[in-house]
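Colleague: final27.cif is the file, holding mmCIF, C-alpha atoms:
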```cif
data_data
loop_
_atom_site.label_atom_id
_atom_site.label_comp_id
_atom_site.auth_asym_id
_atom_site.auth_seq_id
_atom_site.Cartn_x
_atom_site.Cartn_y
_atom_site.Cartn_z
CA MET A 1 10.64 -6.21 -9.64
CA LYS A 2 12.69 -5.42 -12.67
CA ASP A 3 10.40 -2.84 -14.32
CA PHE A 4 10.22 -0.60 -11.24
CA ARG A 5 13.43 0.60 -9.62
CA TYR A 6 13.71 2.94 -6.66
CA ILE A 7 16.65 4.98 -5.31
CA ASP A 8 19.90 2.99 -5.42
CA GLY A 9 21.86 2.63 -2.21
CA ALA A 10 18.98 3.76 0.00
CA ALA A 11 17.64 0.56 1.53
CA ILE A 12 19.19 -0.61 4.81
CA LEU A 13 19.67 -4.38 4.58
CA ARG A 14 22.50 -6.47 5.97
CA LEU A 15 23.12 -10.21 5.83
CA ASP A 16 25.63 -11.90 8.11
CA ARG A 17 26.89 -14.81 6.01
CA GLU A 18 28.86 -16.21 8.97
CA THR A 19 25.64 -16.74 10.92
CA CYS A 20 23.54 -17.87 7.92
CA ILE A 21 22.68 -21.59 7.91
CA GLY A 22 21.44 -21.64 4.32
CA CYS A 23 17.85 -22.63 5.09
CA GLY A 24 16.60 -20.53 2.17
CA ILE A 25 13.50 -19.04 3.83
CA CYS A 26 14.66 -15.52 2.85
CA VAL A 27 14.81 -16.65 -0.78
CA THR A 28 11.22 -17.92 -0.47
CA VAL A 29 9.59 -14.95 1.24
CA CYS A 30 11.26 -12.00 -0.53
CA PRO A 31 8.62 -10.38 -2.81
CA HIS A 32 11.39 -8.76 -4.88
CA ARG A 33 13.51 -11.92 -5.27
CA ILE A 34 16.74 -10.30 -4.14
CA PHE A 35 18.21 -13.37 -2.39
CA ARG A 36 19.78 -16.48 -3.85
CA LEU A 37 21.44 -19.50 -2.27
CA GLU A 38 25.13 -19.59 -3.24
CA THR A 39 27.51 -22.23 -1.86
CA LYS A 40 24.88 -23.29 0.68
CA LYS A 41 24.44 -19.80 2.10
CA ALA A 42 22.13 -16.92 1.28
CA ALA A 43 23.49 -14.07 -0.82
CA ILE A 44 21.96 -10.69 -1.64
CA VAL A 45 22.03 -10.51 -5.43
CA ASP A 46 20.00 -7.29 -5.89
CA PRO A 47 20.41 -5.00 -2.85
CA ASP A 48 18.80 -2.02 -4.62
CA GLY A 49 15.65 -4.08 -5.22
CA CYS A 50 15.00 -4.18 -1.45
CA MET A 51 11.98 -2.25 -0.16
CA GLU A 52 12.68 -2.99 3.52
CA CYS A 53 9.46 -4.97 4.03
CA GLY A 54 11.32 -7.10 6.59
CA ALA A 55 9.88 -10.50 5.67
CA CYS A 56 13.38 -12.02 5.47
CA ALA A 57 14.44 -10.71 8.88
CA THR A 58 11.18 -11.82 10.52
CA ASN A 59 11.62 -15.35 9.18
CA CYS A 60 15.38 -15.84 9.49
CA PRO A 61 15.70 -18.55 12.17
CA VAL A 62 19.20 -17.42 13.25
CA GLY A 63 18.79 -13.65 13.12
CA ALA A 64 21.36 -13.24 10.35
CA ILE A 65 19.44 -10.49 8.52
CA TYR A 66 19.08 -6.87 9.58
CA VAL A 67 16.54 -4.59 7.88
CA ASN A 68 15.69 -0.98 8.71
CA PRO A 69 13.43 -1.65 11.71
CA ASP A 70 11.30 1.47 11.24
CA ASP A 71 8.01 -0.07 10.29
CA GLY A 72 5.33 1.76 8.41
CA CYS A 73 4.06 1.86 4.91
CA GLY A 74 6.52 4.51 3.77
CA CYS A 75 4.04 7.19 2.80
CA ALA A 76 5.01 10.84 3.06
CA ALA A 77 2.16 11.64 5.45
CA LEU A 78 3.45 9.22 8.08
CA ILE A 79 7.02 10.49 7.81
CA ILE A 80 5.89 14.12 8.11
CA ASN A 81 3.80 13.19 11.15
CA ARG A 82 6.89 11.56 12.68
CA TRP A 83 9.06 14.59 12.02
CA LEU A 84 6.40 16.88 13.49
CA SER A 85 6.01 14.67 16.54
CA ARG A 86 9.77 14.79 17.11
CA LEU A 87 9.55 18.59 17.08
CA THR A 88 6.50 18.86 19.31
CA GLY A 89 7.21 15.89 21.53
CA LYS A 90 3.71 14.51 20.99
CA SER A 91 3.02 10.91 20.09
CA VAL A 92 2.80 9.93 16.43
CA SER A 93 -0.61 10.16 14.86
CA ASP A 94 -1.02 7.44 12.28
CA CYS A 95 -1.47 7.96 8.57
CA ASN A 96 -4.47 6.68 6.65
CA CYS A 97 -2.78 3.61 5.26
CA MET B 1 -23.46 -12.34 7.73
CA PRO B 2 -24.69 -12.10 4.14
CA TYR B 3 -21.68 -13.92 2.67
CA VAL B 4 -22.39 -17.06 4.72
CA GLY B 5 -24.48 -19.61 2.83
CA GLY B 6 -24.89 -22.43 5.34
CA PHE B 7 -22.88 -24.45 7.80
CA ILE B 8 -20.84 -27.63 7.81
CA ALA B 9 -20.76 -29.89 10.84
CA THR B 10 -17.31 -30.60 12.26
CA ALA B 11 -15.87 -32.20 15.39
CA ALA B 12 -15.56 -28.68 16.81
CA GLY B 13 -19.10 -27.61 15.94
CA PRO B 14 -20.68 -26.01 12.88
CA VAL B 15 -18.40 -23.94 10.61
CA PRO B 16 -19.88 -21.34 8.23
CA LEU B 17 -19.61 -22.04 4.50
CA VAL B 18 -19.04 -19.16 2.10
CA SER B 19 -19.69 -18.83 -1.59
CA THR B 20 -16.89 -18.51 -4.15
CA THR B 21 -18.88 -16.06 -6.25
CA LEU B 22 -19.22 -12.46 -5.18
CA SER B 23 -22.71 -10.97 -4.87
CA TRP B 24 -23.79 -7.46 -5.89
CA ARG B 25 -23.48 -6.58 -2.22
CA ASP B 26 -19.81 -7.67 -2.21
CA ARG B 27 -19.14 -5.66 -5.36
CA LEU B 28 -20.81 -2.53 -3.98
CA GLY B 29 -18.79 -3.01 -0.81
CA ALA B 30 -15.61 -3.16 -2.87
CA ILE B 31 -16.50 0.19 -4.43
CA GLY B 32 -17.20 1.66 -1.00
CA ALA B 33 -13.88 0.44 0.36
CA ARG B 34 -11.88 1.38 -2.74
CA SER B 35 -13.26 4.91 -2.67
CA GLY B 36 -12.36 5.35 0.97
CA TRP B 37 -16.01 5.64 2.05
CA PHE B 38 -15.74 2.93 4.72
CA ARG B 39 -12.30 1.54 3.96
CA SER B 40 -11.21 1.49 7.60
CA ASN B 41 -14.25 -0.45 8.75
CA TYR B 42 -14.76 -3.22 6.16
CA LYS B 43 -14.26 -6.37 8.15
CA VAL B 44 -15.01 -10.06 8.32
CA ILE B 45 -15.50 -11.75 11.69
CA PRO B 46 -12.23 -13.63 12.44
CA GLY B 47 -12.42 -17.41 12.67
CA LEU B 48 -12.79 -20.48 10.50
CA TYR B 49 -14.84 -20.67 7.28
CA GLY B 50 -15.20 -23.29 4.57
CA VAL B 51 -15.57 -23.28 0.79
CA GLY B 52 -16.93 -26.26 -1.15
CA ARG B 53 -17.31 -29.36 1.05
CA PRO B 54 -14.10 -29.31 3.10
CA GLY B 55 -13.15 -32.42 5.06
CA PRO B 56 -10.39 -33.32 7.52
CA GLU B 57 -7.80 -33.47 4.72
CA ALA B 58 -8.75 -30.15 3.08
CA PRO B 59 -6.05 -27.45 3.00
CA VAL B 60 -6.24 -24.53 5.43
CA LEU B 61 -5.70 -21.10 3.82
CA VAL B 62 -4.95 -18.18 6.13
CA THR B 63 -5.98 -14.60 5.37
CA ALA B 64 -6.65 -11.19 6.92
CA ASN B 65 -10.07 -9.98 8.08
CA TYR B 66 -10.22 -7.06 5.63
CA LYS B 67 -13.29 -7.94 3.58
CA LEU B 68 -11.50 -7.17 0.28
CA SER B 69 -8.75 -9.66 1.20
CA PHE B 70 -11.30 -12.29 2.19
CA ASP B 71 -13.29 -11.75 -1.04
CA ALA B 72 -10.13 -11.80 -3.19
CA LEU B 73 -9.33 -15.19 -1.68
CA ARG B 74 -12.71 -16.93 -1.80
CA ARG B 75 -13.57 -15.89 -5.34
CA GLU B 76 -10.48 -17.79 -6.58
CA LEU B 77 -11.55 -21.03 -4.88
CA ALA B 78 -14.34 -22.20 -7.19
CA GLY B 79 -14.36 -26.01 -7.30
CA ILE B 80 -11.90 -26.30 -4.41
CA ASP B 81 -12.71 -27.74 -1.00
CA ALA B 82 -10.78 -25.74 1.59
CA TRP B 83 -10.83 -24.14 5.00
CA ILE B 84 -10.24 -20.41 5.34
CA LEU B 85 -8.74 -19.25 8.63
CA VAL B 86 -9.39 -15.52 9.02
CA VAL B 87 -7.11 -13.85 11.53
CA ASP B 88 -7.93 -10.57 13.26
CA THR B 89 -5.93 -7.84 11.52
CA ARG B 90 -8.34 -5.03 12.57
CA GLY B 91 -9.74 -4.92 9.04
CA ILE B 92 -6.36 -4.24 7.40
CA ASN B 93 -5.09 -6.12 4.33
CA VAL B 94 -2.51 -8.91 4.55
CA TRP B 95 0.65 -6.97 3.69
CA CYS B 96 -0.04 -3.79 5.66
CA ALA B 97 -1.26 -5.79 8.65
CA ALA B 98 1.90 -7.92 8.56
CA GLY B 99 3.91 -4.68 8.44
CA LYS B 100 2.01 -3.36 11.44
CA LYS B 101 2.50 -6.77 13.12
CA THR B 102 -1.19 -7.41 13.68
CA PHE B 103 -0.92 -10.32 11.18
CA SER B 104 1.60 -12.05 13.43
CA THR B 105 2.78 -15.49 14.50
CA ASP B 106 0.92 -15.12 17.80
CA GLU B 107 -2.33 -14.01 16.14
CA VAL B 108 -2.29 -16.99 13.74
CA ALA B 109 -1.58 -19.33 16.65
CA TYR B 110 -4.40 -17.74 18.64
CA GLN B 111 -6.94 -18.31 15.85
CA VAL B 112 -5.75 -21.91 15.33
CA LYS B 113 -6.44 -22.60 19.00
CA SER B 114 -9.67 -20.64 19.39
CA THR B 115 -11.24 -22.33 16.32
CA ARG B 116 -10.06 -25.75 17.60
CA LEU B 117 -8.61 -26.39 14.16
CA ALA B 118 -6.68 -29.41 15.41
CA GLU B 119 -10.00 -31.23 15.98
CA ILE B 120 -11.31 -30.33 12.53
CA VAL B 121 -8.41 -31.31 10.25
CA ARG B 122 -6.12 -34.35 10.42
CA HIS B 123 -3.06 -32.65 8.88
CA ARG B 124 -1.04 -29.92 10.61
CA ASP B 125 -0.34 -27.50 7.77
CA LEU B 126 -1.32 -23.88 7.26
CA ILE B 127 -0.92 -22.15 3.89
CA LEU B 128 -0.07 -18.51 4.52
CA PRO B 129 -0.05 -15.72 1.96
CA GLN B 130 3.59 -14.96 1.13
CA LEU B 131 3.19 -11.29 2.02
CA ALA B 132 2.22 -12.27 5.58
CA ALA B 133 5.90 -13.24 6.03
CA VAL B 134 6.60 -9.67 7.13
CA GLY B 135 4.74 -10.42 10.36
CA VAL B 136 4.60 -14.21 10.63
CA ALA B 137 7.67 -16.31 11.35
CA ALA B 138 6.57 -19.63 9.90
CA ALA B 139 9.19 -21.62 11.79
CA ARG B 140 7.85 -20.38 15.14
CA LEU B 141 4.27 -21.41 14.39
CA HIS B 142 4.78 -25.09 15.18
CA GLN B 143 5.89 -24.32 18.69
CA ALA B 144 3.12 -21.76 19.15
CA CYS B 145 0.15 -23.88 17.99
CA GLY B 146 1.30 -27.26 16.69
CA PHE B 147 0.71 -26.34 13.04
CA ASN B 148 3.40 -25.82 10.40
CA GLY B 149 3.24 -22.71 8.26
CA THR B 150 4.05 -22.76 4.56
CA PHE B 151 4.12 -19.62 2.45
CA GLY B 152 1.88 -19.93 -0.58
CA PRO B 153 1.78 -17.54 -3.54
CA ILE B 154 1.46 -13.75 -3.19
CA ARG B 155 -1.78 -13.50 -5.16
CA ALA B 156 -4.91 -15.51 -4.39
CA GLU B 157 -5.42 -15.99 -8.15
CA ASP B 158 -2.38 -18.30 -8.17
CA LEU B 159 -3.71 -20.56 -5.40
CA PRO B 160 -5.50 -23.11 -7.64
CA ALA B 161 -2.28 -23.65 -9.66
CA TYR B 162 -0.23 -23.74 -6.47
CA LEU B 163 -2.47 -26.41 -4.94
CA ASP B 164 -2.45 -28.38 -8.22
CA ARG B 165 1.35 -28.40 -8.39
CA LYS B 166 1.74 -30.08 -5.00
CA ARG B 167 2.18 -26.71 -3.31
CA GLN B 168 5.06 -25.44 -5.38
CA ALA B 169 5.13 -21.70 -6.17
CA ASP B 170 7.21 -20.56 -9.11
CA GLU B 171 9.17 -17.31 -9.31
CA ALA B 172 6.27 -15.41 -10.90
CA MET B 173 3.93 -16.40 -8.06
CA ARG B 174 6.51 -15.19 -5.55
CA THR B 175 7.19 -11.83 -7.21
CA VAL B 176 5.14 -8.76 -6.40
CA THR B 177 3.80 -6.84 -9.40
CA PHE B 178 2.49 -3.32 -9.97
CA ARG B 179 0.60 -3.57 -13.26
CA ALA B 180 -1.50 -0.77 -14.75
CA GLY B 181 -4.72 -2.24 -13.32
CA GLU B 182 -3.17 -2.65 -9.88
CA ARG B 183 -2.13 1.01 -9.97
CA ALA B 184 -5.47 2.23 -11.30
CA VAL B 185 -7.55 0.77 -8.43
CA LEU B 186 -5.53 2.88 -5.99
CA ILE B 187 -6.52 6.18 -7.60
CA PRO B 188 -10.04 6.66 -6.10
CA VAL B 189 -8.82 6.43 -2.52
CA GLU B 190 -5.89 8.75 -3.25
CA ILE B 191 -8.37 11.36 -4.46
CA CYS B 192 -11.07 10.82 -1.85
CA LEU B 193 -8.63 11.22 1.03
CA LEU B 194 -7.79 14.65 -0.36
CA TRP B 195 -11.09 16.46 0.14
CA LYS B 196 -10.15 18.06 3.47
CA PRO B 197 -6.81 19.63 2.44
CA PHE B 198 -8.37 20.51 -0.92
CA LEU B 199 -11.22 22.38 0.79
CA ALA B 200 -8.76 24.23 3.04
CA ALA B 201 -6.58 25.19 0.07
CA THR B 202 -9.63 26.34 -1.88
CA ILE B 203 -10.76 28.70 0.88
CA ILE B 204 -7.27 30.21 1.24
CA LEU B 205 -6.81 30.55 -2.54
CA VAL B 206 -10.16 32.29 -3.02
CA LEU B 207 -9.44 34.63 -0.11
CA ILE B 208 -6.02 35.73 -1.35
CA SER B 209 -7.17 35.93 -4.98
CA GLY B 210 -9.30 38.96 -4.09
CA ILE B 211 -6.33 41.01 -2.91
CA GLY B 212 -5.37 43.60 -5.55
CA PRO B 213 -5.11 47.27 -6.54
CA ASP B 214 -8.63 47.91 -5.15
CA ILE B 215 -7.45 46.50 -1.77
CA TYR B 216 -10.04 43.75 -1.96
CA SER B 217 -12.25 42.84 -4.87
CA LEU B 218 -14.94 40.19 -4.59
CA SER B 219 -15.15 39.81 -8.36
CA ALA B 220 -11.38 39.20 -8.51
CA ALA B 221 -11.74 36.68 -5.72
CA GLY B 222 -14.28 34.88 -7.92
CA VAL B 223 -12.50 35.09 -11.27
CA ARG B 224 -8.92 34.66 -10.09
CA GLY B 225 -10.02 32.26 -7.38
CA MET B 226 -11.51 29.96 -10.01
CA ARG B 227 -8.20 29.92 -11.88
CA ALA B 228 -6.33 29.02 -8.71
CA ILE B 229 -8.81 26.23 -7.95
CA THR B 230 -8.44 24.96 -11.51
CA ALA B 231 -4.67 24.87 -11.03
CA SER B 232 -5.22 22.79 -7.84
CA LEU B 233 -7.54 20.40 -9.69
CA LEU B 234 -4.90 20.01 -12.39
CA ALA B 235 -2.39 19.18 -9.65
CA VAL B 236 -4.68 16.41 -8.35
CA LEU B 237 -5.04 15.09 -11.90
CA ALA B 238 -1.27 15.15 -12.40
CA GLY B 239 -0.14 13.90 -9.00
CA ALA B 240 -2.87 11.44 -8.01
CA VAL B 241 -4.11 10.15 -11.38
CA LEU B 242 -1.53 10.58 -14.15
CA THR B 243 1.54 9.83 -12.01
CA PRO B 244 0.20 6.43 -10.80
CA LEU B 245 -1.02 5.52 -14.29
CA LEU B 246 2.11 6.58 -16.17
CA LEU B 247 4.53 5.61 -13.39
CA PRO B 248 6.91 3.34 -15.32
CA TRP B 249 7.28 5.80 -18.19
CA ILE B 250 7.88 9.02 -16.24
CA PRO B 251 11.60 9.85 -16.11
CA GLY B 252 13.39 9.77 -12.76
CA ARG B 253 13.11 7.45 -9.79
CA GLN B 254 12.18 9.86 -7.04
CA PHE B 255 8.46 10.48 -6.82
CA TRP B 256 8.64 14.19 -6.02
CA LEU B 257 10.50 14.62 -9.28
CA LYS B 258 8.11 12.44 -11.30
CA GLY B 259 5.17 14.41 -9.87
CA ALA B 260 6.83 17.76 -10.57
CA LEU B 261 7.49 16.78 -14.20
CA ILE B 262 3.91 15.62 -14.79
CA GLY B 263 2.56 18.60 -12.85
CA ALA B 264 4.54 21.08 -14.94
CA ALA B 265 3.52 19.36 -18.17
CA THR B 266 -0.16 19.28 -17.15
CA GLY B 267 -0.09 22.91 -15.99
CA LEU B 268 1.54 24.07 -19.21
CA ALA B 269 -0.75 22.03 -21.43
CA ALA B 270 -3.84 23.44 -19.74
CA LEU B 271 -2.54 27.02 -19.64
CA PRO B 272 -4.30 28.34 -22.76
CA ALA B 273 -7.60 27.21 -21.27
CA THR B 274 -6.99 28.35 -17.68
CA THR B 275 -5.66 31.88 -18.25
CA ARG B 276 -7.22 33.49 -21.25
CA ALA B 277 -5.61 36.85 -20.48
CA ALA B 278 -2.15 35.38 -20.24
CA ASP B 279 -0.04 37.73 -18.20
CA LEU B 280 3.29 36.13 -17.41
CA PRO B 281 3.39 36.43 -13.58
CA ALA B 282 -0.10 34.96 -13.15
CA ALA B 283 0.56 32.14 -15.62
CA SER B 284 3.90 31.30 -13.95
CA ALA B 285 2.27 31.31 -10.53
CA LEU B 286 -0.43 28.86 -11.68
CA VAL B 287 1.98 26.46 -13.40
CA LEU B 288 4.34 26.55 -10.43
CA TRP B 289 1.45 25.85 -8.03
CA THR B 290 0.31 22.86 -10.08
CA THR B 291 3.91 21.60 -10.25
CA CYS B 292 4.52 21.79 -6.50
CA VAL B 293 1.20 20.33 -5.39
CA ALA B 294 1.48 17.50 -7.95
CA SER B 295 5.01 16.85 -6.69
CA TYR B 296 3.72 16.45 -3.13
CA LEU B 297 0.82 14.20 -4.15
CA ALA B 298 3.14 11.99 -6.19
CA MET B 299 5.55 11.79 -3.25
CA ASN B 300 2.70 10.67 -1.02
CA PHE B 301 1.87 7.89 -3.50
CA THR B 302 5.06 6.11 -2.38
CA GLY B 303 2.97 4.78 0.51
CA SER B 304 0.78 2.88 -1.95
CA THR B 305 3.49 1.32 -4.10
CA PRO B 306 4.94 -2.14 -3.43
CA TYR B 307 8.57 -1.23 -4.11
CA THR B 308 9.58 1.95 -2.26
CA SER B 309 11.71 1.51 0.88
CA LEU B 310 11.04 3.70 3.90
CA SER B 311 14.71 4.78 3.89
CA GLY B 312 14.39 5.86 0.27
CA VAL B 313 11.19 7.80 0.93
CA GLY B 314 12.82 9.63 3.84
CA LEU B 315 15.76 10.46 1.56
CA GLU B 316 13.69 11.87 -1.27
CA MET B 317 11.41 13.78 1.09
CA ARG B 318 14.31 15.89 2.32
CA ARG B 319 14.72 17.20 -1.23
CA GLY B 320 11.09 17.06 -2.28
CA LEU B 321 9.70 19.04 0.63
CA VAL B 322 12.22 21.86 0.13
CA PHE B 323 11.21 22.05 -3.53
CA GLN B 324 7.48 21.86 -2.76
CA LEU B 325 7.41 24.36 0.11
CA GLY B 326 9.78 26.79 -1.62
CA GLY B 327 7.93 26.51 -4.90
CA ALA B 328 4.48 26.87 -3.33
CA ALA B 329 5.59 29.97 -1.40
CA LEU B 330 7.02 31.45 -4.60
CA ALA B 331 3.83 30.61 -6.49
CA LEU B 332 1.64 32.31 -3.88
CA GLY B 333 3.95 35.36 -3.88
CA LEU B 334 3.80 35.57 -7.66
CA TRP B 335 0.05 35.16 -7.56
CA LEU B 336 -0.36 38.07 -5.16
CA TRP B 337 2.05 40.23 -7.15
CA SER B 338 0.37 39.40 -10.46
CA ALA B 339 -2.81 41.11 -9.26
CA PHE B 340 -0.89 44.40 -9.20
CA ALA B 341 1.25 43.84 -12.31
#
```
Have the structure of the file written as structure tokens, please.
Modeller:
Amino acid sequence: MKDFRYIDGAAILRLDRETCIGCGICVTVCPHRIFRLETKKAAIVDPDGCMECGACATNCPVGAIYVNPDDGCGCAALIINRWLSRLTGKSVSDCNC
Amino acid sequence: MPYVGGFIATAAGPVPLVSTTLSWRDRLGAIGARSGWFRSNYKVIPGLYGVGRPGPEAPVLVTANYKLSFDALRRELAGIDAWILVVDTRGINVWCAAGKKTFSTDEVAYQVKSTRLAEIVRHRDLILPQLAAVGVAAARLHQACGFNGTFGPIRAEDLPAYLDRKRQADEAMRTVTFRAGERAVLIPVEICLLWKPFLAATIILVLISGIGPDIYSLSAAGVRGMRAITASLLAVLAGAVLTPLLLPWIPGRQFWLKGALIGAATGLAALPATTRAADLPAASALVLWTTCVASYLAMNFTGSTPYTSLSGVGLEMRRGLVFQLGGAALALGLWLWSAFA
């Protein structure tokens, strides 16, 4: 998504090019088109475009991609609930998303 | 079910056929879901459905059992013979359900088996929405149920072209968008989910607005309370309506900042109307309140956008919350003080 950019350097996304077999499924599934196949292996061409949805990691057949594993929609309400639950020791109540 | 218009006989028994045009009931339902009225309980029964006159060679399209997802899919299938496999995502849309892992490899495999799909179609291909890839590992599907998963386009509206082009999706079909219309439909639910905190804030604001030189004045609670409520309404307008609509044009990338900017601008623009007797402390308190509440509401909108990472939201919240809590406390202090000034 070129017309919407979020905070640079924030997303946690790692690709292990040694392990990558160049199948290209990450290129297919990424909704922000941040992967490309270069010299028969995947490459991250736009790391700041990543929103940590995790589609690439879920589909990578050799586990070469690591994405921030905290799932959730990323709304403030959920994060506040998580912070509060860490303080109180209670389980996380879900957000409305 | 009102959206079922007959049945088609198959080797695995009758399968319900659904229309590709939405009825007034479907449209009313969309309004109800979009406004948050019954958004969390708007479901389709999971299983297999058909559109047109699907045969053993017809493609199988997989979707979530949120009724809006199901409707968005079927209304694009006019003139197409296809099967629709609805998986049980607890009434949540495709992308969010995949994120919550209810739209998963195992769930798709389960529905393939429980509908006896292998007896109904001759091919072994499932077309999955691209956004389901968060929860479904296509390569594992074959082992789990004997069917191969292929990721189709993101939007159902691109399915006819995708099917026409021998199942090739171009870059545009594979890229998520956040156009003005897509942002606008999110506004009603943002507002409707606010009524509880808004009511609580209203009660507190009216109560503290009565505090003044006469210890407590009911008329001040009414007059000043109305101004404080107006400032809160302006914050909702700025944070939950204007910020989503104007998103690409508001400076900054962090949402708390975008919301604060729009909140301050809205508060200032409305100031001549909200405080006729413009004493500086009261006016500053109202503008600051609008700014901070709008900042929070805009920050919460990150959960509805298709491009904000959870790491990024956590990062901006550390700054945003300090600004919002500090600013709101200052605004309330100024508001109390202004009654005496």
Colleague: Starting from the displayed file, determine the output of the PyMOL selection byres ((chain B and resi 286) around 9) and express the residue list as a VMD selection string.
Modeller: chain B and resid 227 to 228 230 to 232 267 271 274 to 275 281 to 285 287 to 291 331 to 332 334 to 335
Colleague: Run the PyMOL selection byres ((chain A) within 9 of (chain B)) against the file shown and list the residues it catches, as a short mmCIF file (atom, residue, chain, number, x, y, z; two decimals) with C-alpha atoms, in the coordinates of the input.
Modeller:
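Everything below was put into result-v6.cif:
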```cif
data_model
loop_
_atom_site.label_atom_id
_atom_site.label_comp_id
_atom_site.auth_asym_id
_atom_site.auth_seq_id
_atom_site.Cartn_x
_atom_site.Cartn_y
_atom_site.Cartn_z
CA MET A 1 10.64 -6.21 -9.64
CA ASP A 3 10.40 -2.84 -14.32
CA PHE A 4 10.22 -0.60 -11.24
CA ARG A 5 13.43 0.60 -9.62
CA TYR A 6 13.71 2.94 -6.66
CA ILE A 7 16.65 4.98 -5.31
CA ASP A 8 19.90 2.99 -5.42
CA GLY A 9 21.86 2.63 -2.21
CA ALA A 10 18.98 3.76 0.00
CA ALA A 11 17.64 0.56 1.53
CA ILE A 12 19.19 -0.61 4.81
CA THR A 28 11.22 -17.92 -0.47
CA VAL A 29 9.59 -14.95 1.24
CA CYS A 30 11.26 -12.00 -0.53
CA PRO A 31 8.62 -10.38 -2.81
CA HIS A 32 11.39 -8.76 -4.88
CA ARG A 33 13.51 -11.92 -5.27
CA GLY A 49 15.65 -4.08 -5.22
CA CYS A 50 15.00 -4.18 -1.45
CA MET A 51 11.98 -2.25 -0.16
CA GLU A 52 12.68 -2.99 3.52
CA CYS A 53 9.46 -4.97 4.03
CA GLY A 54 11.32 -7.10 6.59
CA ALA A 55 9.88 -10.50 5.67
CA CYS A 56 13.38 -12.02 5.47
CA ALA A 57 14.44 -10.71 8.88
CA THR A 58 11.18 -11.82 10.52
CA ASN A 59 11.62 -15.35 9.18
CA CYS A 60 15.38 -15.84 9.49
CA PRO A 61 15.70 -18.55 12.17
CA ASN A 68 15.69 -0.98 8.71
CA ASP A 70 11.30 1.47 11.24
CA ASP A 71 8.01 -0.07 10.29
CA GLY A 72 5.33 1.76 8.41
CA CYS A 73 4.06 1.86 4.91
CA GLY A 74 6.52 4.51 3.77
CA CYS A 75 4.04 7.19 2.80
CA ALA A 76 5.01 10.84 3.06
CA ALA A 77 2.16 11.64 5.45
CA LEU A 78 3.45 9.22 8.08
CA ILE A 79 7.02 10.49 7.81
CA ILE A 80 5.89 14.12 8.11
CA ASN A 96 -4.47 6.68 6.65
CA CYS A 97 -2.78 3.61 5.26
#
```
Colleague: Calculate how many Å separate CA of Ala156 in chain B from CA of Leu126 in chain B, rounding to one decimal.
Modeller: 14.8 Å
Colleague: Which residues match the PyMOL selection byres ((chain B and resi 229) around 12) in the file above, as a ChimeraX atom specification?
Modeller: /B:198-209,221-228,230-236,274,286,289-290,293
Colleague: May I ask for the distance between CA of Leu84 in chain A and CA of Gly333 in chain B, given in Å to one decimal place?
Modeller: 25.5 Å
Colleague: Hey, can you check how far CA of Trp37 in chain B sits from CA of Val189 in chain B?
Modeller: 8.6 Å
Colleague: Just want the 8 Å neighbourhood of Ile127 in chain B, counted on all atoms listed in the file, with same-chain residues fewer than 2 positions away dropped. Output as a list in words.
Modeller: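 Those residues are Pro59, Val60, Leu61, Val62, Asp125, Pro129, Gly149, Thr150, Phe151 and Gly152 of chain B.
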Colleague: Please dump the current selection as a PDB file, keeping the file's coordinate frame; keep C-alpha atoms.
Modeller:
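Now in out-v4.pdb:
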```pdb
ATOM      1  CA  PRO B  59      -6.050 -27.450   3.000  1.00  0.00           C
ATOM      2  CA  VAL B  60      -6.240 -24.530   5.430  1.00  0.00           C
ATOM      3  CA  LEU B  61      -5.700 -21.100   3.820  1.00  0.00           C
ATOM      4  CA  VAL B  62      -4.950 -18.180   6.130  1.00  0.00           C
ATOM      5  CA  ASP B 125      -0.340 -27.500   7.770  1.00  0.00           C
ATOM      6  CA  PRO B 129      -0.050 -15.720   1.960  1.00  0.00           C
ATOM      7  CA  GLY B 149       3.240 -22.710   8.260  1.00  0.00           C
ATOM      8  CA  THR B 150       4.050 -22.760   4.560  1.00  0.00           C
ATOM      9  CA  PHE B 151       4.120 -19.620   2.450  1.00  0.00           C
ATOM     10  CA  GLY B 152       1.880 -19.930  -0.580  1.00  0.00           C
TER      11      GLY B 152
END
```
